[in-house]
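**Student:** Quick one: structure below, then a few questions.
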Amino acid sequence: MTYALALDALGDGTRREILERLRRGPRAVGELAAELPVSRPAVSQHLRVLKEAGLVTERRNGTRRLYRVDTDGLAEVRDYLESFWSDVLAAFEAAAEAEAEQEDE
Amino acid sequence: MTMQATETGAIRKSVTVPLPVEKAFRLFTDGINSWWPFASHSIGGDKVESVTFDLEGKRVYERHPDGTEHDWADIDAWEPPNRFLLNWRVNPAKPATEVEVQFTAEGDETRVDLEHRGWEKSGPDERSSYDSGWGFVLGKYAGSA
């Protein structure tokens with residue numbers, strides 16, 4: 001389930017920062033590493049996690065590999081949370097209606 | 001604590017139930033074991049034996065038959081029968097967020113407003129200057145979905 005992976009991936013401050021940078025435009029690993037206080041291998045590792053979680057995509061541009069935000073992955077995280085609370089409130093509503101009916105009897 | 005109505009990314013859900021406000025509040029909290037969809041909406045799934053609003057310990061946790069407990073949240077505000085506020089931290093590895101549930105009497109019925117917010121708050125590493133929080137994740141992109 002992508003949303004679970006995505007939530008886990010977003011639990012890390014550096015990964016959220018990488019996503020924030022990518023939101024401004026596609027970037028290569030080296031560019032991200034130059035802007036952040038983490039090593040290039042560390043950035044690569046974070047990008048791999050983000051990619052597996054469906055939050056970034058990678059595209060080859062000549063000899064460079066550029067990373068960009070995958071908006072579908074982010075939308076899925078939000079959809080998951082929306083449906084989580086919809087399910088919970090629907091269950092609560094059903095229980096409340098059952099209790100109200102019992103009292104009417 | 002004031003509501004930040006303009007905060008981006010807050011998830012809001014409402015439902016109106018045919019119970020007076022005291023009963024609605026009690027069913028939601030004390031009675032949570034009778035309705036919460038544990039199988040799909042908990043850490044342990046089918047293994048969950050109970051969920052407790054522990055007012056003394058100011059926390060909400062799930063319990064498994066082997067005695068394992070997993071915290072869901074801290075209880076940051078408790079104002080029966082109108083409102084409670086949780087510091088939602090189901091996964092300790094993720095930044096905590098806020099869940100506020102308000103109960104408003106509407107005649108014989110009760111409107112329940114739930115808001116899950118606080119994505120802007122930084123995680124445990126919030127002192128680091130480069131942590132950007134969750135706001136853009138759930139706010140700015142939601143509109144473009």
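Identifiers for the structure tokens are assigned positionally: chains receive A, B, ... in sequence, residues are indexed from 1 per chain, and ligands are indexed from 1 in the order shown.
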Considering only C-alpha atoms, tabulate each residue of chain A that lies at most 7 Å from chain B along with its nearest interatomic pair and the corresponding distance in Å to one decimal; arrange the rows by chain and ascending residue number and present them as a tab-separated table.

**Tutor:**
residue	atom	partner	partner_atom	distance
A:Gly11	CA	B:Lys94	CA	4.3
A:Gly13	CA	B:Asp131	CA	5.2
A:Thr14	CA	B:Asp131	CA	6.7
A:Arg16	CA	B:Ser132	CA	6.3
A:Glu17	CA	B:Ser132	CA	5.5
A:Thr71	CA	B:Tyr141	CA	6.8
A:Asp72	CA	B:Ala145	CA	7.0
A:Leu74	CA	B:Val137	CA	6.2
A:Ala75	CA	B:Ala145	CA	5.7
A:Arg78	CA	B:Leu138	CA	5.8
A:Glu82	CA	B:Ile11	CA	6.7
A:Ser86	CA	B:Lys13	CA	6.9
A:Val88	CA	B:Trp36	CA	6.4
A:Leu89	CA	B:Val15	CA	6.8
A:Ala91	CA	B:Trp35	CA	6.0
A:Phe92	CA	B:Trp35	CA	6.0
A:Glu93	CA	B:Val17	CA	5.8
A:Ala95	CA	B:Trp35	CA	6.0
A:Ala96	CA	B:Val17	CA	6.1
A:Glu97	CA	B:Pro18	CA	6.2
A:Ala100	CA	B:Leu19	CA	6.2

**Student:** CA of Val49 (chain A) to CA of Leu10 (chain A): how many Å, to one decimal?

**Tutor:**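 Those two atoms sit 9.6 Å apart.
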
**Student:** Quick one: DSSP strand (DSSP E) residues in chain A, as a list in words?

**Tutor:** Arg27, Ala28, Val56, Thr57, Glu58, Arg59, Arg60, Asn61, Arg64, Arg65, Leu66, Tyr67, Arg68 and Val69 of chain A

**Student:** Can I get the selection written as a PDB file, in the first residue's frame, with N, CA and C atoms?

**Tutor:**
ATOM      1  N   ARG A  27      15.466  18.452  -9.796  1.00  0.00           N
ATOM      2  CA  ARG A  27      16.852  18.625  -9.384  1.00  0.00           C
ATOM      3  C   ARG A  27      17.606  17.308  -9.541  1.00  0.00           C
ATOM      4  N   ALA A  28      18.911  17.423  -9.689  1.00  0.00           N
ATOM      5  CA  ALA A  28      19.786  16.251  -9.677  1.00  0.00           C
ATOM      6  C   ALA A  28      20.294  16.013  -8.254  1.00  0.00           C
ATOM      7  N   VAL A  56       8.401  10.614  -5.401  1.00  0.00           N
ATOM      8  CA  VAL A  56       9.189  11.297  -6.436  1.00  0.00           C
ATOM      9  C   VAL A  56       9.354  10.367  -7.640  1.00  0.00           C
ATOM     10  N   THR A  57       9.573  10.968  -8.784  1.00  0.00           N
ATOM     11  CA  THR A  57       9.895  10.196  -9.976  1.00  0.00           C
ATOM     12  C   THR A  57      11.250  10.662 -10.483  1.00  0.00           C
ATOM     13  N   GLU A  58      11.828   9.826 -11.306  1.00  0.00           N
ATOM     14  CA  GLU A  58      13.186  10.059 -11.775  1.00  0.00           C
ATOM     15  C   GLU A  58      13.157  10.020 -13.303  1.00  0.00           C
ATOM     16  N   ARG A  59      13.869  10.943 -13.915  1.00  0.00           N
ATOM     17  CA  ARG A  59      13.927  10.902 -15.382  1.00  0.00           C
ATOM     18  C   ARG A  59      15.320  11.254 -15.851  1.00  0.00           C
ATOM     19  N   ARG A  60      15.755  10.525 -16.836  1.00  0.00           N
ATOM     20  CA  ARG A  60      17.080  10.763 -17.384  1.00  0.00           C
ATOM     21  C   ARG A  60      17.024  11.940 -18.355  1.00  0.00           C
ATOM     22  N   ASN A  61      17.953  12.834 -18.188  1.00  0.00           N
ATOM     23  CA  ASN A  61      18.010  13.994 -19.071  1.00  0.00           C
ATOM     24  C   ASN A  61      19.448  14.079 -19.586  1.00  0.00           C
ATOM     25  N   ARG A  64      22.304  13.309 -17.120  1.00  0.00           N
ATOM     26  CA  ARG A  64      21.863  13.601 -15.753  1.00  0.00           C
ATOM     27  C   ARG A  64      20.560  12.881 -15.434  1.00  0.00           C
ATOM     28  N   ARG A  65      20.426  12.548 -14.168  1.00  0.00           N
ATOM     29  CA  ARG A  65      19.156  12.009 -13.714  1.00  0.00           C
ATOM     30  C   ARG A  65      18.472  13.063 -12.861  1.00  0.00           C
ATOM     31  N   LEU A  66      17.295  13.454 -13.275  1.00  0.00           N
ATOM     32  CA  LEU A  66      16.565  14.499 -12.545  1.00  0.00           C
ATOM     33  C   LEU A  66      15.405  13.899 -11.764  1.00  0.00           C
ATOM     34  N   TYR A  67      15.252  14.420 -10.560  1.00  0.00           N
ATOM     35  CA  TYR A  67      14.154  13.965  -9.706  1.00  0.00           C
ATOM     36  C   TYR A  67      13.098  15.050  -9.615  1.00  0.00           C
ATOM     37  N   ARG A  68      11.847  14.611  -9.614  1.00  0.00           N
ATOM     38  CA  ARG A  68      10.755  15.578  -9.451  1.00  0.00           C
ATOM     39  C   ARG A  68       9.666  14.989  -8.559  1.00  0.00           C
ATOM     40  N   VAL A  69       8.821  15.858  -8.014  1.00  0.00           N
ATOM     41  CA  VAL A  69       7.749  15.419  -7.122  1.00  0.00           C
ATOM     42  C   VAL A  69       6.684  14.671  -7.917  1.00  0.00           C
TER      43      VAL A  69
END

**Student:** Within 9 Å of Ile18 (chain A), counting only C-alpha atoms, which residues qualify if same-chain residues fewer than 6 places away don't, as a VMD selection string?

**Tutor:** chain A and resid 32 36 43 46 to 47

**Student:** Output the selection as a tab-separated table (two decimals), in the first residue's frame - N, CA and C atoms for each residue.

**Tutor:**
chain	number	residue	atom	x	y	z
A	32	LEU	N	20.95	18.74	-4.97
A	32	LEU	CA	20.31	18.62	-3.65
A	32	LEU	C	21.36	18.53	-2.56
A	36	LEU	N	21.93	20.97	0.87
A	36	LEU	CA	21.53	20.41	2.16
A	36	LEU	C	22.75	19.95	2.95
A	43	VAL	N	21.72	11.63	0.29
A	43	VAL	CA	20.63	12.16	-0.54
A	43	VAL	C	20.12	11.07	-1.48
A	46	HIS	N	17.92	8.74	0.45
A	46	HIS	CA	16.61	9.35	0.73
A	46	HIS	C	15.75	9.37	-0.53
A	47	LEU	N	16.37	9.67	-1.66
A	47	LEU	CA	15.61	9.70	-2.92
A	47	LEU	C	15.07	8.32	-3.27

**Student:** To one decimal place in Å, what is the distance between CA of Arg15 (chain A) and CA of Arg59 (chain B)?

**Tutor:**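 Distance reported for this atom pair: 29.2 Å.
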
**Student:** Go through A:Val77, A:Ala33, A:Ala53, A:Ala94 one by one, measure the shortest atom-to-atom distance of each to Leu5 (chain A) using only C-alpha atoms, and give the residue with the smallest value.

**Tutor:**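 For Leu5 (chain A), the nearest of the candidates is A:Ala53.
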
**Student:** Record the distance separating CA of Phe25 (chain B) and CA of Gly44 (chain B), expressed in Å with one decimal.

**Tutor:**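 So the answer is 24.9 Å.
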
**Student:** Name all residues at most 8 Å from Asp71 (chain B) (count only C-alpha atoms; drop same-chain ones fewer than 6 positions away) and give them as a ChimeraX atom specification.

**Tutor:** /B:59-62,89-90
